[in-house]
file final-v3.cif (mmCIF, N, CA and C atoms and all ligand atoms)
data_model
loop_
_atom_site.label_atom_id
_atom_site.label_comp_id
_atom_site.auth_asym_id
_atom_site.auth_seq_id
_atom_site.Cartn_x
_atom_site.Cartn_y
_atom_site.Cartn_z
N MET A 1 129.59 121.74 119.34
CA MET A 1 129.05 122.80 118.46
C MET A 1 128.01 123.61 119.21
N ALA A 2 128.02 124.89 119.01
CA ALA A 2 127.07 125.76 119.71
C ALA A 2 125.64 125.41 119.34
N GLY A 3 124.80 125.47 120.31
CA GLY A 3 123.38 125.23 120.04
C GLY A 3 122.97 123.79 120.21
N GLU A 4 123.91 122.92 120.58
CA GLU A 4 123.54 121.52 120.75
C GLU A 4 123.45 121.15 122.22
N ASP A 5 122.39 120.46 122.56
CA ASP A 5 122.19 120.01 123.93
C ASP A 5 121.51 118.64 123.89
N PRO A 6 122.34 117.58 123.73
CA PRO A 6 121.81 116.23 123.56
C PRO A 6 120.93 115.79 124.72
N ASP A 7 121.25 116.22 125.94
CA ASP A 7 120.43 115.85 127.10
C ASP A 7 119.02 116.40 126.96
N TYR A 8 118.96 117.63 126.50
CA TYR A 8 117.65 118.26 126.34
C TYR A 8 116.85 117.57 125.24
N LEU A 9 117.51 117.25 124.14
CA LEU A 9 116.82 116.57 123.04
C LEU A 9 116.33 115.19 123.48
N ALA A 10 117.14 114.48 124.28
CA ALA A 10 116.75 113.16 124.76
C ALA A 10 115.51 113.29 125.66
N TRP A 11 115.51 114.35 126.47
CA TRP A 11 114.37 114.60 127.36
C TRP A 11 113.11 114.93 126.54
N ILE A 12 113.30 115.75 125.52
CA ILE A 12 112.17 116.13 124.65
C ILE A 12 111.51 114.88 124.06
N ARG A 13 112.32 113.93 123.63
CA ARG A 13 111.76 112.74 122.98
C ARG A 13 110.97 111.88 123.95
N LEU A 14 111.15 112.11 125.25
CA LEU A 14 110.41 111.34 126.26
C LEU A 14 109.13 112.05 126.70
N GLN A 15 108.84 113.21 126.08
CA GLN A 15 107.61 113.93 126.41
C GLN A 15 106.49 113.50 125.45
N ALA A 16 105.25 113.62 125.93
CA ALA A 16 104.11 113.32 125.05
C ALA A 16 104.04 114.39 123.97
N CYS A 17 103.37 114.07 122.88
CA CYS A 17 103.17 115.04 121.80
C CYS A 17 102.51 116.28 122.39
N GLN A 18 103.08 117.44 122.10
CA GLN A 18 102.56 118.69 122.68
C GLN A 18 101.33 119.20 121.95
N PHE A 19 100.97 118.52 120.89
CA PHE A 19 99.78 118.99 120.17
C PHE A 19 98.59 118.07 120.41
N CYS A 20 98.79 116.76 120.38
CA CYS A 20 97.65 115.85 120.51
C CYS A 20 97.78 114.91 121.71
N ASP A 21 98.87 115.07 122.50
CA ASP A 21 99.04 114.28 123.71
C ASP A 21 99.33 112.81 123.48
N ARG A 22 99.69 112.43 122.29
CA ARG A 22 100.05 111.03 122.06
C ARG A 22 101.28 110.71 122.92
N PRO A 23 101.28 109.53 123.57
CA PRO A 23 102.39 109.21 124.47
C PRO A 23 103.73 109.09 123.74
N PRO A 24 104.82 109.33 124.47
CA PRO A 24 106.17 109.23 123.88
C PRO A 24 106.48 107.79 123.46
N PRO A 25 107.55 107.54 122.69
CA PRO A 25 108.55 108.53 122.27
C PRO A 25 108.04 109.48 121.18
N SER A 26 108.50 110.71 121.24
CA SER A 26 108.12 111.73 120.27
C SER A 26 109.31 112.12 119.41
N HIS A 27 109.02 112.90 118.38
CA HIS A 27 110.09 113.50 117.59
C HIS A 27 110.48 114.82 118.24
N ALA A 28 111.72 115.22 118.09
CA ALA A 28 112.15 116.54 118.53
C ALA A 28 112.12 117.47 117.32
N HIS A 29 111.14 118.34 117.28
CA HIS A 29 111.04 119.29 116.17
C HIS A 29 111.69 120.60 116.59
N HIS A 30 112.52 121.17 115.71
CA HIS A 30 113.18 122.43 116.00
C HIS A 30 112.41 123.59 115.40
N HIS A 31 112.11 124.54 116.26
CA HIS A 31 111.46 125.76 115.78
C HIS A 31 112.55 126.73 115.35
N THR A 32 112.61 127.01 114.05
CA THR A 32 113.69 127.85 113.55
C THR A 32 113.33 129.33 113.61
N GLY A 33 112.04 129.65 113.63
CA GLY A 33 111.65 131.06 113.70
C GLY A 33 111.87 131.76 112.38
N PRO A 34 111.46 133.03 112.31
CA PRO A 34 111.51 133.77 111.04
C PRO A 34 112.93 134.03 110.55
N ARG A 35 113.89 134.13 111.47
CA ARG A 35 115.25 134.45 111.05
C ARG A 35 116.11 133.21 110.85
N GLY A 36 115.56 132.06 111.18
CA GLY A 36 116.39 130.85 111.19
C GLY A 36 116.45 130.10 109.87
N LYS A 37 115.93 130.67 108.83
CA LYS A 37 115.87 129.97 107.55
C LYS A 37 117.22 129.40 107.12
N GLY A 38 117.22 128.11 106.86
CA GLY A 38 118.43 127.47 106.38
C GLY A 38 119.46 127.21 107.47
N GLN A 39 119.16 127.66 108.65
CA GLN A 39 120.10 127.52 109.75
C GLN A 39 119.51 126.55 110.75
N ARG A 40 120.34 125.72 111.35
CA ARG A 40 119.83 124.80 112.35
C ARG A 40 119.54 125.58 113.64
N ALA A 41 118.33 125.36 114.17
CA ALA A 41 117.95 126.07 115.38
C ALA A 41 118.68 125.51 116.60
N HIS A 42 118.74 126.29 117.62
CA HIS A 42 119.29 125.84 118.89
C HIS A 42 118.42 124.69 119.42
N ASP A 43 119.08 123.69 120.04
CA ASP A 43 118.32 122.55 120.56
C ASP A 43 117.31 122.98 121.62
N HIS A 44 117.53 124.10 122.25
CA HIS A 44 116.57 124.57 123.26
C HIS A 44 115.30 125.11 122.61
N ASN A 45 115.29 125.20 121.29
CA ASN A 45 114.08 125.59 120.57
C ASN A 45 113.36 124.37 120.02
N ALA A 46 113.59 123.21 120.65
CA ALA A 46 112.95 121.98 120.19
C ALA A 46 111.66 121.73 120.98
N MET A 47 110.78 120.94 120.37
CA MET A 47 109.53 120.56 121.05
C MET A 47 109.18 119.14 120.66
N ALA A 48 108.39 118.48 121.52
CA ALA A 48 108.00 117.09 121.27
C ALA A 48 106.72 117.05 120.43
N LEU A 49 106.81 116.34 119.31
CA LEU A 49 105.63 116.12 118.47
C LEU A 49 105.62 114.66 118.04
N CYS A 50 104.43 114.06 117.94
CA CYS A 50 104.37 112.69 117.45
C CYS A 50 104.65 112.70 115.95
N PHE A 51 104.83 111.52 115.38
CA PHE A 51 105.16 111.41 113.96
C PHE A 51 104.16 112.18 113.09
N ASP A 52 102.87 111.97 113.36
CA ASP A 52 101.83 112.59 112.52
C ASP A 52 101.83 114.11 112.64
N CYS A 53 101.83 114.61 113.88
CA CYS A 53 101.78 116.07 114.07
C CYS A 53 103.03 116.72 113.49
N HIS A 54 104.17 116.05 113.63
CA HIS A 54 105.42 116.59 113.09
C HIS A 54 105.34 116.72 111.57
N ARG A 55 104.87 115.65 110.96
CA ARG A 55 104.75 115.64 109.51
C ARG A 55 103.76 116.73 109.05
N HIS A 56 102.63 116.82 109.74
CA HIS A 56 101.61 117.80 109.36
C HIS A 56 102.08 119.23 109.58
N LEU A 57 102.85 119.44 110.65
CA LEU A 57 103.34 120.80 110.90
C LEU A 57 104.26 121.24 109.77
N HIS A 58 105.16 120.35 109.35
CA HIS A 58 106.07 120.68 108.25
C HIS A 58 105.32 120.86 106.94
N GLY A 59 104.29 120.06 106.74
CA GLY A 59 103.58 120.11 105.46
C GLY A 59 102.40 121.07 105.49
N ALA A 60 102.15 121.72 106.65
CA ALA A 60 100.97 122.58 106.81
C ALA A 60 99.74 121.82 106.34
N SER A 61 99.63 120.59 106.78
CA SER A 61 98.51 119.74 106.39
C SER A 61 97.80 119.25 107.64
N GLY A 62 96.81 118.35 107.47
CA GLY A 62 96.10 117.78 108.62
C GLY A 62 95.52 118.88 109.50
N PRO A 63 95.76 118.81 110.83
CA PRO A 63 95.17 119.81 111.74
C PRO A 63 95.70 121.22 111.48
N PHE A 64 96.81 121.36 110.77
CA PHE A 64 97.41 122.68 110.53
C PHE A 64 97.05 123.26 109.17
N LYS A 65 96.17 122.56 108.48
CA LYS A 65 95.84 122.91 107.11
C LYS A 65 95.41 124.38 106.95
N ASP A 66 94.58 124.85 107.87
CA ASP A 66 94.05 126.21 107.75
C ASP A 66 94.82 127.24 108.57
N TRP A 67 95.96 126.84 109.09
CA TRP A 67 96.76 127.77 109.89
C TRP A 67 97.71 128.53 108.97
N ASN A 68 97.85 129.83 109.21
CA ASN A 68 98.85 130.55 108.42
C ASN A 68 100.21 130.42 109.11
N HIS A 69 101.23 130.94 108.45
CA HIS A 69 102.59 130.77 108.95
C HIS A 69 102.74 131.35 110.35
N GLU A 70 102.10 132.51 110.58
CA GLU A 70 102.24 133.16 111.87
C GLU A 70 101.60 132.33 112.99
N GLU A 71 100.44 131.76 112.71
CA GLU A 71 99.76 130.94 113.72
C GLU A 71 100.61 129.73 114.08
N ARG A 72 101.20 129.12 113.07
CA ARG A 72 102.05 127.95 113.33
C ARG A 72 103.30 128.36 114.10
N SER A 73 103.83 129.53 113.76
CA SER A 73 105.01 130.03 114.44
C SER A 73 104.70 130.34 115.91
N ASN A 74 103.54 130.96 116.16
CA ASN A 74 103.15 131.29 117.53
C ASN A 74 102.96 130.03 118.37
N LEU A 75 102.34 129.02 117.78
CA LEU A 75 102.15 127.75 118.50
C LEU A 75 103.51 127.20 118.93
N GLN A 76 104.46 127.23 118.01
CA GLN A 76 105.78 126.69 118.31
C GLN A 76 106.49 127.49 119.39
N ASP A 77 106.34 128.81 119.33
CA ASP A 77 106.91 129.66 120.39
C ASP A 77 106.37 129.23 121.74
N GLU A 78 105.06 129.04 121.80
CA GLU A 78 104.40 128.66 123.04
C GLU A 78 104.92 127.32 123.57
N LEU A 79 105.01 126.35 122.67
CA LEU A 79 105.43 125.01 123.08
C LEU A 79 106.88 125.00 123.54
N VAL A 80 107.73 125.78 122.87
CA VAL A 80 109.14 125.85 123.27
C VAL A 80 109.23 126.38 124.70
N VAL A 81 108.49 127.44 124.98
CA VAL A 81 108.52 128.05 126.32
C VAL A 81 108.00 127.07 127.36
N LYS A 82 106.89 126.39 127.01
CA LYS A 82 106.29 125.43 127.92
C LYS A 82 107.28 124.31 128.28
N HIS A 83 107.95 123.78 127.26
CA HIS A 83 108.94 122.73 127.49
C HIS A 83 110.05 123.22 128.42
N ARG A 84 110.54 124.43 128.15
CA ARG A 84 111.65 124.94 128.95
C ARG A 84 111.27 125.06 130.41
N GLN A 85 110.01 125.48 130.66
CA GLN A 85 109.56 125.61 132.05
C GLN A 85 109.49 124.26 132.74
N ILE A 86 108.90 123.27 132.06
CA ILE A 86 108.79 121.94 132.66
C ILE A 86 110.19 121.38 132.91
N TYR A 87 111.06 121.55 131.92
CA TYR A 87 112.41 121.01 132.04
C TYR A 87 113.14 121.64 133.23
N ASN A 88 113.03 122.94 133.37
CA ASN A 88 113.71 123.62 134.47
C ASN A 88 113.14 123.19 135.83
N ASP A 89 111.83 122.92 135.87
CA ASP A 89 111.21 122.47 137.12
C ASP A 89 111.68 121.07 137.50
N GLU A 90 111.88 120.23 136.47
CA GLU A 90 112.23 118.83 136.73
C GLU A 90 113.73 118.62 136.88
N GLU A 91 114.49 119.57 136.39
CA GLU A 91 115.94 119.45 136.33
C GLU A 91 116.55 118.92 137.63
N CYS A 92 117.11 117.73 137.57
CA CYS A 92 117.72 117.18 138.77
C CYS A 92 118.94 116.35 138.42
N PHE A 93 119.48 116.52 137.20
CA PHE A 93 120.70 115.79 136.87
C PHE A 93 121.74 116.72 136.27
ZN ZN A 101 100.60 114.57 117.93
ZN ZN A 102 110.56 119.26 112.45
#
call {"tool": "encode", "arguments": {"input": "final-v3.cif", "output": "C-alpha cells", "more": "lines below"}}
Ligand SMILES: [Zn+2]
Ligand SMILES: [Zn+2]
result
Amino acid sequence: MAGEDPDYLAWIRLQACQFCDRPPPSHAHHHTGPRGKGQRAHDHNAMALCFDCHRHLHGASGPFKDWNHEERSNLQDELVVKHRQIYNDEECF
C-alpha cells in the first residue's frame, strides 16, 4: 500500500523520544498535517515519541496544554524533517 515503509517505522521506534529524550523503544506517531484529516499519513511523516508525550500530544494535555494547533503542527513538521535527515545520514541497509 502506498505510504507504508515498515523499515522506517521500525527505525523510528528505536529512536529516543523527540520531545523529552526518553530512551527507546518509542511510539511512531504520524503527523497528518492540516489536509490529512481522516486519512492515514505517509510513514515518512512519522516521529518517535514516548508513551506520555504521544498521549499528551494527541490530547493537547501535559506539556502541550498551552500550545495551539499551529504550534503543535509546527513542532511535528520539525521533528519529521529532523528524523528524515538522521535516517538518510545513517542509511546503510
Ligand atoms: Zn517523551
Ligand atoms: Zn499519534
call {"tool": "atom_distance", "arguments": {"input": "final-v3.cif", "atom1": "atom N of Glu71 in chain A", "atom2": "CA of Asn45 in chain A"}}
result
16.9 Å
call {"tool": "residues_near_ligand", "arguments": {"input": "final-v3.cif", "ligand": "ligand ZN 102 (chain A)", "cutoff": "6.5 Å", "atoms": "all atoms listed in the file", "output": "ChimeraX atom specification"}}
result
/A:28-30,54,58
call {"tool": "residues_near_ligand", "arguments": {"input": "final-v3.cif", "ligand": "ligand ZN 101 (chain A)", "cutoff": "12 Å", "atoms": "only C-alpha atoms and all ligand atoms", "output": "list in words"}}
result
Gln15, Ala16, Cys17, Gln18, Phe19, Cys20, Asp21, Arg22, Pro23, Pro24, Pro25, Ser26, His27, Ala28, His29, Met47, Ala48, Leu49, Cys50, Phe51, Asp52, Cys53, His54, Arg55, His56, Leu57, Gly62, Pro63 and Phe64 of chain A
call {"tool": "write_last_selection", "arguments": {"input": "final-v3.cif", "atoms": "N, CA and C atoms", "output": "mmCIF file, keeping the file's coordinate frame"}}
result
data_model
loop_
_atom_site.group_PDB
_atom_site.id
_atom_site.type_symbol
_atom_site.label_atom_id
_atom_site.label_comp_id
_atom_site.auth_asym_id
_atom_site.auth_seq_id
_atom_site.Cartn_x
_atom_site.Cartn_y
_atom_site.Cartn_z
ATOM 1 N N GLN A 15 108.840 113.210 126.080
ATOM 2 C CA GLN A 15 107.610 113.930 126.410
ATOM 3 C C GLN A 15 106.490 113.500 125.450
ATOM 4 N N ALA A 16 105.250 113.620 125.930
ATOM 5 C CA ALA A 16 104.110 113.320 125.050
ATOM 6 C C ALA A 16 104.040 114.390 123.970
ATOM 7 N N CYS A 17 103.370 114.070 122.880
ATOM 8 C CA CYS A 17 103.170 115.040 121.800
ATOM 9 C C CYS A 17 102.510 116.280 122.390
ATOM 10 N N GLN A 18 103.080 117.440 122.100
ATOM 11 C CA GLN A 18 102.560 118.690 122.680
ATOM 12 C C GLN A 18 101.330 119.200 121.950
ATOM 13 N N PHE A 19 100.970 118.520 120.890
ATOM 14 C CA PHE A 19 99.780 118.990 120.170
ATOM 15 C C PHE A 19 98.590 118.070 120.410
ATOM 16 N N CYS A 20 98.790 116.760 120.380
ATOM 17 C CA CYS A 20 97.650 115.850 120.510
ATOM 18 C C CYS A 20 97.780 114.910 121.710
ATOM 19 N N ASP A 21 98.870 115.070 122.500
ATOM 20 C CA ASP A 21 99.040 114.280 123.710
ATOM 21 C C ASP A 21 99.330 112.810 123.480
ATOM 22 N N ARG A 22 99.690 112.430 122.290
ATOM 23 C CA ARG A 22 100.050 111.030 122.060
ATOM 24 C C ARG A 22 101.280 110.710 122.920
ATOM 25 N N PRO A 23 101.280 109.530 123.570
ATOM 26 C CA PRO A 23 102.390 109.210 124.470
ATOM 27 C C PRO A 23 103.730 109.090 123.740
ATOM 28 N N PRO A 24 104.820 109.330 124.470
ATOM 29 C CA PRO A 24 106.170 109.230 123.880
ATOM 30 C C PRO A 24 106.480 107.790 123.460
ATOM 31 N N PRO A 25 107.550 107.540 122.690
ATOM 32 C CA PRO A 25 108.550 108.530 122.270
ATOM 33 C C PRO A 25 108.040 109.480 121.180
ATOM 34 N N SER A 26 108.500 110.710 121.240
ATOM 35 C CA SER A 26 108.120 111.730 120.270
ATOM 36 C C SER A 26 109.310 112.120 119.410
ATOM 37 N N HIS A 27 109.020 112.900 118.380
ATOM 38 C CA HIS A 27 110.090 113.500 117.590
ATOM 39 C C HIS A 27 110.480 114.820 118.240
ATOM 40 N N ALA A 28 111.720 115.220 118.090
ATOM 41 C CA ALA A 28 112.150 116.540 118.530
ATOM 42 C C ALA A 28 112.120 117.470 117.320
ATOM 43 N N HIS A 29 111.140 118.340 117.280
ATOM 44 C CA HIS A 29 111.040 119.290 116.170
ATOM 45 C C HIS A 29 111.690 120.600 116.590
ATOM 46 N N MET A 47 110.780 120.940 120.370
ATOM 47 C CA MET A 47 109.530 120.560 121.050
ATOM 48 C C MET A 47 109.180 119.140 120.660
ATOM 49 N N ALA A 48 108.390 118.480 121.520
ATOM 50 C CA ALA A 48 108.000 117.090 121.270
ATOM 51 C C ALA A 48 106.720 117.050 120.430
ATOM 52 N N LEU A 49 106.810 116.340 119.310
ATOM 53 C CA LEU A 49 105.630 116.120 118.470
ATOM 54 C C LEU A 49 105.620 114.660 118.040
ATOM 55 N N CYS A 50 104.430 114.060 117.940
ATOM 56 C CA CYS A 50 104.370 112.690 117.450
ATOM 57 C C CYS A 50 104.650 112.700 115.950
ATOM 58 N N PHE A 51 104.830 111.520 115.380
ATOM 59 C CA PHE A 51 105.160 111.410 113.960
ATOM 60 C C PHE A 51 104.160 112.180 113.090
ATOM 61 N N ASP A 52 102.870 111.970 113.360
ATOM 62 C CA ASP A 52 101.830 112.590 112.520
ATOM 63 C C ASP A 52 101.830 114.110 112.640
ATOM 64 N N CYS A 53 101.830 114.610 113.880
ATOM 65 C CA CYS A 53 101.780 116.070 114.070
ATOM 66 C C CYS A 53 103.030 116.720 113.490
ATOM 67 N N HIS A 54 104.170 116.050 113.630
ATOM 68 C CA HIS A 54 105.420 116.590 113.090
ATOM 69 C C HIS A 54 105.340 116.720 111.570
ATOM 70 N N ARG A 55 104.870 115.650 110.960
ATOM 71 C CA ARG A 55 104.750 115.640 109.510
ATOM 72 C C ARG A 55 103.760 116.730 109.050
ATOM 73 N N HIS A 56 102.630 116.820 109.740
ATOM 74 C CA HIS A 56 101.610 117.800 109.360
ATOM 75 C C HIS A 56 102.080 119.230 109.580
ATOM 76 N N LEU A 57 102.850 119.440 110.650
ATOM 77 C CA LEU A 57 103.340 120.800 110.900
ATOM 78 C C LEU A 57 104.260 121.240 109.770
ATOM 79 N N GLY A 62 96.810 118.350 107.470
ATOM 80 C CA GLY A 62 96.100 117.780 108.620
ATOM 81 C C GLY A 62 95.520 118.880 109.500
ATOM 82 N N PRO A 63 95.760 118.810 110.830
ATOM 83 C CA PRO A 63 95.170 119.810 111.740
ATOM 84 C C PRO A 63 95.700 121.220 111.480
ATOM 85 N N PHE A 64 96.810 121.360 110.770
ATOM 86 C CA PHE A 64 97.410 122.680 110.530
ATOM 87 C C PHE A 64 97.050 123.260 109.170
#
call {"tool": "atom_distance", "arguments": {"input": "final-v3.cif", "atom1": "CA of Ala60 in chain A", "atom2": "CA of Val80 in chain A"}}
result
18.7 Å
call {"tool": "atom_distance", "arguments": {"input": "final-v3.cif", "atom1": "CA of Asp89 in chain A", "atom2": "CA of Arg13 in chain A"}}
result
17.2 Å
call {"tool": "select_by_dssp", "arguments": {"input": "final-v3.cif", "residues": "chain A", "states": "strand (DSSP E or B)", "output": "list of chain:residue names"}}
result
A:His27, A:Ala28, A:His29, A:His30, A:Ala46, A:Met47, A:Ala48, A:Leu49
call {"tool": "select_by_dssp", "arguments": {"input": "final-v3.cif", "residues": "chain A", "states": "helix (DSSP H, G or I)", "output": "ChimeraX atom specification"}}
result
/A:6-13,43-45,51-59,62-64,69-90
call {"tool": "closest_residue", "arguments": {"input": "final-v3.cif", "among": "A:Leu79, A:Asp43, A:Ile86, A:Lys65", "to": "Pro6 in chain A", "atoms": "only N, CA and C atoms"}}
result
A:Asp43
call {"tool": "axis_aligned_box", "arguments": {"input": "final-v3.cif", "around": "range 6-11 of chain A", "padding_each_side": "3 Å", "output": "lines of an AutoDock Vina configuration file"}}
result
center_x = 117.7
center_y = 115.7
center_z = 125.2
size_x = 15.2
size_y = 11.1
size_z = 10.3
call {"tool": "closest_residue", "arguments": {"input": "final-v3.cif", "among": "A:Ala46, A:Leu75, A:Ile12, A:Val81", "to": "His31 in chain A", "atoms": "only N, CA and C atoms"}}
result
A:Ala46
